[in-house]
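J.: My structure is stored as data_17.json, with JSON, C-alpha atoms.
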[["chain", "number", "residue", "atom", "x", "y", "z"],
["K", 1, "MET", "CA", 0.00, 0.00, 0.00],
["K", 2, "ASP", "CA", 1.28, 3.31, -0.84],
["K", 3, "GLY", "CA", 1.19, 6.48, 1.27],
["K", 4, "ALA", "CA", -1.71, 8.11, -0.57],
["K", 5, "SER", "CA", -4.11, 5.26, -0.05],
["K", 6, "HIS", "CA", -2.97, 4.95, 3.54],
["K", 7, "ALA", "CA", -3.76, 8.61, 4.17],
["K", 8, "ALA", "CA", -7.17, 8.21, 2.50],
["K", 9, "LEU", "CA", -7.93, 5.22, 4.69],
["K", 10, "GLN", "CA", -6.89, 7.14, 7.80],
["K", 11, "GLY", "CA", -9.29, 9.92, 6.77],
["K", 12, "CYS", "CA", -12.09, 7.37, 6.38],
["K", 13, "VAL", "CA", -11.30, 5.86, 9.77],
["K", 14, "ALA", "CA", -11.32, 9.32, 11.39],
["K", 15, "SER", "CA", -14.64, 10.11, 9.74],
["K", 16, "LEU", "CA", -16.07, 6.78, 10.88],
["K", 17, "ARG", "CA", -14.93, 7.44, 14.47],
["K", 18, "SER", "CA", -16.54, 10.90, 14.36],
["K", 19, "SER", "CA", -19.77, 9.38, 13.05],
["K", 20, "MET", "CA", -19.71, 6.75, 15.81],
["K", 21, "GLN", "CA", -19.21, 9.41, 18.46],
["K", 22, "LEU", "CA", -22.12, 11.39, 17.03],
["K", 23, "LEU", "CA", -24.25, 8.24, 16.95],
["K", 24, "ASP", "CA", -23.25, 7.42, 20.55],
["K", 25, "SER", "CA", -24.17, 10.94, 21.64],
["K", 26, "SER", "CA", -27.54, 10.65, 19.86],
["K", 27, "ILE", "CA", -28.26, 7.33, 21.57],
["K", 28, "ASN", "CA", -27.44, 8.86, 24.97],
["K", 29, "ILE", "CA", -29.79, 11.79, 24.27],
["K", 30, "LEU", "CA", -32.58, 9.42, 23.16],
["K", 31, "ASP", "CA", -32.06, 7.23, 26.23],
["K", 32, "ALA", "CA", -32.37, 10.28, 28.48],
["K", 33, "GLY", "CA", -35.52, 11.42, 26.60],
["K", 34, "VAL", "CA", -37.38, 8.12, 26.81],
["K", 35, "SER", "CA", -36.07, 6.84, 30.11],
["K", 36, "ASP", "CA", -39.35, 7.80, 31.84],
["K", 37, "TYR", "CA", -41.52, 6.37, 29.03],
["K", 38, "PRO", "CA", -43.18, 3.77, 31.32],
["K", 39, "ARG", "CA", -44.25, 6.57, 33.68],
["K", 40, "LEU", "CA", -45.56, 8.62, 30.76],
["K", 41, "SER", "CA", -47.47, 5.70, 29.31],
["K", 42, "ARG", "CA", -49.18, 5.23, 32.68],
["K", 43, "HIS", "CA", -49.89, 8.96, 33.03],
["K", 44, "PHE", "CA", -51.10, 9.46, 29.46],
["K", 45, "GLU", "CA", -52.91, 6.31, 28.52],
["K", 46, "LEU", "CA", -52.22, 5.61, 24.91],
["K", 47, "VAL", "CA", -55.29, 4.57, 22.94],
["K", 48, "SER", "CA", -55.44, 3.25, 19.42],
["K", 49, "GLU", "CA", -57.20, 5.26, 16.70],
["K", 50, "PRO", "CA", -60.08, 2.74, 16.24],
["K", 51, "SER", "CA", -60.70, 2.65, 20.01],
["K", 52, "LEU", "CA", -60.78, 6.44, 20.06],
["K", 53, "ARG", "CA", -63.30, 6.56, 17.18],
["K", 54, "THR", "CA", -65.48, 3.96, 18.90],
["K", 55, "ALA", "CA", -65.46, 5.96, 22.13],
["K", 56, "GLN", "CA", -66.37, 9.15, 20.23],
["K", 57, "GLN", "CA", -69.28, 7.42, 18.48],
["K", 58, "THR", "CA", -70.54, 6.01, 21.79],
["K", 59, "LEU", "CA", -70.36, 9.43, 23.41],
["K", 60, "LEU", "CA", -72.12, 11.03, 20.44],
["K", 61, "SER", "CA", -74.89, 8.43, 20.44],
["K", 62, "SER", "CA", -75.50, 8.94, 24.16],
["K", 63, "LEU", "CA", -75.48, 12.75, 23.99],
["K", 64, "GLU", "CA", -77.46, 13.24, 20.78],
["K", 65, "PRO", "CA", -80.91, 12.23, 22.15],
["K", 66, "GLU", "CA", -80.44, 14.44, 25.19],
["K", 67, "LEU", "CA", -79.40, 17.39, 23.04],
["K", 68, "ASP", "CA", -82.40, 16.86, 20.76],
["K", 69, "ASN", "CA", -84.67, 16.79, 23.81],
["K", 70, "LEU", "CA", -83.16, 20.00, 25.17],
["K", 71, "LEU", "CA", -83.46, 21.71, 21.80],
["K", 72, "SER", "CA", -87.12, 20.75, 21.47],
["K", 73, "ARG", "CA", -87.80, 22.06, 24.99],
["K", 74, "VAL", "CA", -86.11, 25.33, 24.08],
["K", 75, "GLU", "CA", -88.22, 25.60, 20.92],
["K", 76, "VAL", "CA", -91.43, 24.99, 22.89],
["K", 77, "HIS", "CA", -90.40, 27.60, 25.45],
["K", 78, "LEU", "CA", -89.56, 30.11, 22.70],
["K", 79, "ASP", "CA", -92.95, 29.49, 21.08],
["K", 80, "LYS", "CA", -94.65, 30.11, 24.43],
["K", 81, "LEU", "CA", -92.70, 33.32, 24.87],
["K", 82, "ALA", "CA", -93.61, 34.48, 21.36],
["K", 83, "ARG", "CA", -97.30, 33.78, 22.02],
["K", 84, "ARG", "CA", -97.09, 35.62, 25.32],
["K", 85, "GLU", "CA", -95.40, 38.55, 23.63],
["K", 86, "GLN", "CA", -98.12, 38.71, 20.96],
["K", 87, "SER", "CA", -100.82, 38.42, 23.61],
["K", 88, "LEU", "CA", -99.27, 41.23, 25.65],
["K", 89, "MET", "CA", -98.93, 43.42, 22.57],
["K", 90, "ALA", "CA", -102.59, 42.85, 21.67],
["K", 91, "LYS", "CA", -103.61, 43.57, 25.26],
["K", 92, "ALA", "CA", -101.54, 46.77, 25.24],
["K", 93, "GLU", "CA", -103.22, 47.88, 22.02],
["K", 94, "LEU", "CA", -106.64, 47.19, 23.54],
["K", 95, "GLN", "CA", -105.74, 49.12, 26.68],
["K", 96, "GLU", "CA", -104.39, 51.95, 24.56],
["K", 97, "GLY", "CA", -107.67, 52.05, 22.63],
["K", 98, "ARG", "CA", -109.65, 52.08, 25.85],
["K", 99, "LEU", "CA", -107.49, 54.88, 27.25],
["K", 100, "SER", "CA", -107.85, 56.94, 24.11],
["K", 101, "ASN", "CA", -111.66, 56.48, 24.27],
["K", 102, "ALA", "CA", -111.74, 57.41, 27.94],
["K", 103, "SER", "CA", -109.46, 60.44, 27.55],
["K", 104, "ARG", "CA", -111.32, 62.01, 24.60],
["K", 105, "PRO", "CA", -112.72, 65.43, 25.34],
["K", 106, "SER", "CA", -116.48, 65.74, 25.75],
["K", 107, "GLY", "CA", -116.83, 67.00, 22.19],
["K", 108, "GLY", "CA", -115.11, 63.87, 20.78],
["K", 109, "SER", "CA", -116.72, 60.87, 19.13],
["K", 110, "GLY", "CA", -117.43, 59.30, 22.52],
["K", 111, "SER", "CA", -119.71, 62.15, 23.57],
["K", 112, "PRO", "CA", -123.51, 61.98, 23.66],
["K", 113, "ALA", "CA", -123.69, 64.44, 20.77],
["K", 114, "ALA", "CA", -121.60, 62.13, 18.59],
["K", 115, "ALA", "CA", -123.64, 59.15, 19.71],
["K", 116, "ARG", "CA", -126.83, 60.99, 18.81],
["K", 117, "GLY", "CA", -125.40, 61.94, 15.45],
["K", 118, "SER", "CA", -124.77, 58.31, 14.59],
["K", 119, "VAL", "CA", -128.34, 57.22, 15.29],
["K", 120, "GLY", "CA", -130.20, 59.45, 12.90],
["K", 121, "ALA", "CA", -130.97, 63.08, 12.27],
["K", 122, "GLY", "CA", -134.47, 63.14, 13.72],
["K", 123, "GLU", "CA", -133.91, 60.89, 16.74],
["K", 124, "ALA", "CA", -132.46, 62.16, 20.02],
["K", 125, "LEU", "CA", -130.99, 59.72, 22.52],
["K", 126, "THR", "CA", -131.49, 59.99, 26.22],
["K", 127, "GLU", "CA", -128.52, 59.97, 28.53],
["K", 128, "ALA", "CA", -129.24, 56.35, 29.54],
["K", 129, "GLU", "CA", -129.37, 55.31, 25.89],
["K", 130, "THR", "CA", -126.08, 57.10, 25.26],
["K", 131, "ARG", "CA", -124.44, 55.26, 28.17],
["K", 132, "ARG", "CA", -125.87, 51.98, 26.92],
["K", 133, "LEU", "CA", -124.52, 52.73, 23.44],
["K", 134, "MET", "CA", -121.06, 53.44, 24.89],
["K", 135, "GLN", "CA", -121.17, 50.19, 26.89],
["K", 136, "LEU", "CA", -122.15, 48.25, 23.80],
["K", 137, "ARG", "CA", -119.28, 49.80, 21.83],
["K", 138, "GLN", "CA", -116.82, 48.89, 24.57],
["K", 139, "LYS", "CA", -118.24, 45.37, 24.68],
["K", 140, "LYS", "CA", -117.86, 45.15, 20.91],
["K", 141, "GLU", "CA", -114.23, 46.28, 21.25],
["K", 142, "ARG", "CA", -113.54, 43.67, 23.97],
["K", 143, "LEU", "CA", -115.17, 40.92, 21.95],
["K", 144, "SER", "CA", -113.22, 41.96, 18.86],
["K", 145, "TYR", "CA", -110.00, 41.73, 20.89],
["K", 146, "ALA", "CA", -111.01, 38.29, 22.21],
["K", 147, "VAL", "CA", -111.80, 37.05, 18.70],
["K", 148, "GLY", "CA", -108.42, 38.31, 17.47],
["K", 149, "ARG", "CA", -106.66, 36.58, 20.34],
["K", 150, "LEU", "CA", -108.53, 33.31, 19.70],
["K", 151, "GLU", "CA", -107.69, 33.48, 15.99],
["K", 152, "LEU", "CA", -104.04, 33.99, 16.88],
["K", 153, "GLN", "CA", -104.11, 31.01, 19.24],
["K", 154, "SER", "CA", -105.80, 28.91, 16.58],
["K", 155, "THR", "CA", -103.14, 29.84, 14.03],
["K", 156, "GLN", "CA", -100.36, 29.00, 16.48],
["K", 157, "ARG", "CA", -101.91, 25.64, 17.37],
["K", 158, "GLU", "CA", -102.26, 24.78, 13.69],
["K", 159, "ARG", "CA", -98.59, 25.62, 13.19],
["K", 160, "GLN", "CA", -97.60, 23.44, 16.16],
["K", 161, "LEU", "CA", -99.73, 20.60, 14.82],
["K", 162, "ARG", "CA", -98.09, 20.87, 11.40],
["K", 163, "LYS", "CA", -94.67, 20.94, 13.08],
["K", 164, "SER", "CA", -95.40, 17.84, 15.14],
["K", 165, "MET", "CA", -96.82, 16.01, 12.12],
["K", 166, "ALA", "CA", -93.71, 16.92, 10.09],
["K", 167, "ALA", "CA", -91.45, 15.67, 12.89],
["K", 168, "GLN", "CA", -93.11, 12.25, 12.85]]
Have the structure of the file written as structure tokens, please.

T.:
Amino acid sequence: MDGASHAALQGCVASLRSSMQLLDSSINILDAGVSDYPRLSRHFELVSEPSLRTAQQTLLSSLEPELDNLLSRVEVHLDKLARREQSLMAKAELQEGRLSNASRPSGGSGSPAAARGSVGAGEALTEAETRRLMQLRQKKERLSYAVGRLELQSTQRERQLRKSMAAQ
């Protein structure tokens, strides 16, 4: 063997030793990093992907009916609140109408003169007849409000019935 090949081989040997030292250092670092692996595997239970998917499906299947139940209860409650809101708004309008009738000045349409004018030109109403006419008008207004409220309830019940029939 000549000197050139000997020098090349010495370079290879030196490079191999350096690689082995690097490999040895890497092994030591890995050993230090995974030395507490048994403790970690106990602390963080490792689960396979199929087991995880099965657990997720089981959890979903147990929660889904309860969530559906809660959502339907919320919808029913919201419907009740909407009906109550509509009822209160109608009641407020009725009260507002009653207040406006009660607060009209004596020359307004609620006065005896206006009541007499609505009967006929030649007929004059007595004060008792005028009061009776006013009572009948108020009764008509109350009944009109009640009819409106009942129609609203009927519409809402029809909607609920259609909803329940669609759900089945």

J.: Atom CA of Val147 of chain K and atom CA of Ala128 of chain K are how many Å apart?

T.: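 About the pair atom CA of Val147 of chain K and atom CA of Ala128 of chain K: they are 28.2 Å apart.
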
J.: Quick one: what's the axis-aligned box for segment 53-66 of chain K, all listed atoms, 3 Å on every side, centre and edges in Å to one decimal, as JSON?

T.:
{"center_x": -72.1, "center_y": 9.2, "center_z": 21.2, "size_x": 23.6, "size_y": 16.5, "size_z": 14.0}

J.: Find the distance between atom CA of Ser154 of chain K and atom CA of Leu94 of chain K and write it in Å to one decimal.

T.: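 Taking atom CA of Ser154 of chain K and atom CA of Leu94 of chain K, their separation equals 19.6 Å.
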
J.: Could you state the separation of atom CA of Arg98 of chain K and atom CA of Leu125 of chain K in Å, given to one decimal place?

T.: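 According to the coordinates, atom CA of Arg98 of chain K and atom CA of Leu125 of chain K are separated by 22.9 Å.
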
J.: For segment 78-84 of chain K, please output as a PyMOL selection string all residues within 9 Å (counting all atoms listed in the file; exclusion window: fewer than 5 positions along the same chain).

T.: chain K and resi 73+89+152-153+156

J.: So which one's closest to Ala90 of chain K, K:Leu60, K:Ala146, K:Met134, K:Ala14? Using only C-alpha atoms, please.

T.: K:Ala146

J.: Looking at K:Leu59, K:Val76, K:Leu99, K:Ala92, which one is nearest to Gln160 of chain K, with distances taken over all atoms listed in the file?

T.: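 Of all the options, K:Val76 lies closest to Gln160 of chain K.
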
J.: Within 12 Å of Gln135 of chain K, counting all atoms listed in the file, which residues show up once you throw out same-chain ones fewer than 3 positions away? Write them as a PyMOL selection string, please.

T.: chain K and resi 98+101-102+110+115+128-132+138-142

J.: Quick one: segment 48-82 of chain K with N, CA and C atoms, as a compact mmCIF listing (two decimals), in the frame of the given file?

T.:
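Saved result, selection-v5.txt, follows:
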# COMPACT_ATOMS: atom_id res chain seq x y z
N SER K 48 -55.53 3.39 20.88
CA SER K 48 -55.44 3.25 19.42
C SER K 48 -56.51 4.10 18.74
N GLU K 49 -56.28 4.43 17.50
CA GLU K 49 -57.20 5.26 16.70
C GLU K 49 -58.59 4.63 16.61
N PRO K 50 -58.72 3.32 16.30
CA PRO K 50 -60.08 2.74 16.24
C PRO K 50 -60.80 2.79 17.59
N SER K 51 -60.07 2.57 18.68
CA SER K 51 -60.70 2.65 20.01
C SER K 51 -61.19 4.07 20.28
N LEU K 52 -60.40 5.05 19.87
CA LEU K 52 -60.78 6.44 20.06
C LEU K 52 -62.04 6.76 19.25
N ARG K 53 -62.11 6.32 18.02
CA ARG K 53 -63.30 6.56 17.18
C ARG K 53 -64.53 5.89 17.78
N THR K 54 -64.36 4.67 18.28
CA THR K 54 -65.48 3.96 18.90
C THR K 54 -65.98 4.71 20.12
N ALA K 55 -65.08 5.20 20.93
CA ALA K 55 -65.46 5.96 22.13
C ALA K 55 -66.18 7.25 21.74
N GLN K 56 -65.71 7.91 20.70
CA GLN K 56 -66.37 9.15 20.23
C GLN K 56 -67.78 8.85 19.74
N GLN K 57 -67.96 7.77 18.99
CA GLN K 57 -69.28 7.42 18.48
C GLN K 57 -70.23 7.07 19.64
N THR K 58 -69.72 6.36 20.64
CA THR K 58 -70.54 6.01 21.79
C THR K 58 -70.98 7.26 22.54
N LEU K 59 -70.05 8.18 22.73
CA LEU K 59 -70.36 9.43 23.41
C LEU K 59 -71.38 10.23 22.60
N LEU K 60 -71.20 10.31 21.31
CA LEU K 60 -72.12 11.03 20.44
C LEU K 60 -73.51 10.41 20.49
N SER K 61 -73.58 9.09 20.43
CA SER K 61 -74.89 8.43 20.44
C SER K 61 -75.60 8.60 21.79
N SER K 62 -74.85 8.75 22.86
CA SER K 62 -75.50 8.94 24.16
C SER K 62 -75.90 10.40 24.38
N LEU K 63 -75.17 11.34 23.79
CA LEU K 63 -75.48 12.75 23.99
C LEU K 63 -76.53 13.27 23.01
N GLU K 64 -76.58 12.72 21.83
CA GLU K 64 -77.46 13.24 20.78
C GLU K 64 -78.94 13.26 21.19
N PRO K 65 -79.50 12.17 21.75
CA PRO K 65 -80.91 12.23 22.15
C PRO K 65 -81.18 13.31 23.21
N GLU K 66 -80.27 13.43 24.14
CA GLU K 66 -80.44 14.44 25.19
C GLU K 66 -80.40 15.85 24.61
N LEU K 67 -79.48 16.07 23.69
CA LEU K 67 -79.40 17.39 23.04
C LEU K 67 -80.66 17.68 22.23
N ASP K 68 -81.16 16.68 21.52
CA ASP K 68 -82.40 16.86 20.76
C ASP K 68 -83.56 17.21 21.70
N ASN K 69 -83.63 16.52 22.83
CA ASN K 69 -84.67 16.79 23.81
C ASN K 69 -84.56 18.22 24.32
N LEU K 70 -83.34 18.63 24.67
CA LEU K 70 -83.16 20.00 25.17
C LEU K 70 -83.51 21.04 24.11
N LEU K 71 -83.14 20.78 22.87
CA LEU K 71 -83.46 21.71 21.80
C LEU K 71 -84.97 21.82 21.59
N SER K 72 -85.66 20.70 21.65
CA SER K 72 -87.12 20.75 21.47
C SER K 72 -87.78 21.50 22.63
N ARG K 73 -87.26 21.31 23.84
CA ARG K 73 -87.80 22.06 24.99
C ARG K 73 -87.56 23.55 24.83
N VAL K 74 -86.40 23.91 24.32
CA VAL K 74 -86.11 25.33 24.08
C VAL K 74 -87.05 25.90 23.03
N GLU K 75 -87.31 25.13 21.96
CA GLU K 75 -88.22 25.60 20.92
C GLU K 75 -89.63 25.80 21.47
N VAL K 76 -90.10 24.86 22.29
CA VAL K 76 -91.43 24.99 22.89
C VAL K 76 -91.48 26.24 23.77
N HIS K 77 -90.44 26.44 24.56
CA HIS K 77 -90.40 27.60 25.45
C HIS K 77 -90.37 28.90 24.63
N LEU K 78 -89.61 28.92 23.55
CA LEU K 78 -89.56 30.11 22.70
C LEU K 78 -90.92 30.37 22.06
N ASP K 79 -91.61 29.32 21.64
CA ASP K 79 -92.95 29.49 21.08
C ASP K 79 -93.90 30.08 22.12
N LYS K 80 -93.81 29.57 23.36
CA LYS K 80 -94.65 30.11 24.43
C LYS K 80 -94.35 31.59 24.66
N LEU K 81 -93.06 31.93 24.67
CA LEU K 81 -92.70 33.32 24.87
C LEU K 81 -93.19 34.21 23.73
N ALA K 82 -93.12 33.70 22.51
CA ALA K 82 -93.61 34.48 21.36
C ALA K 82 -95.12 34.69 21.46
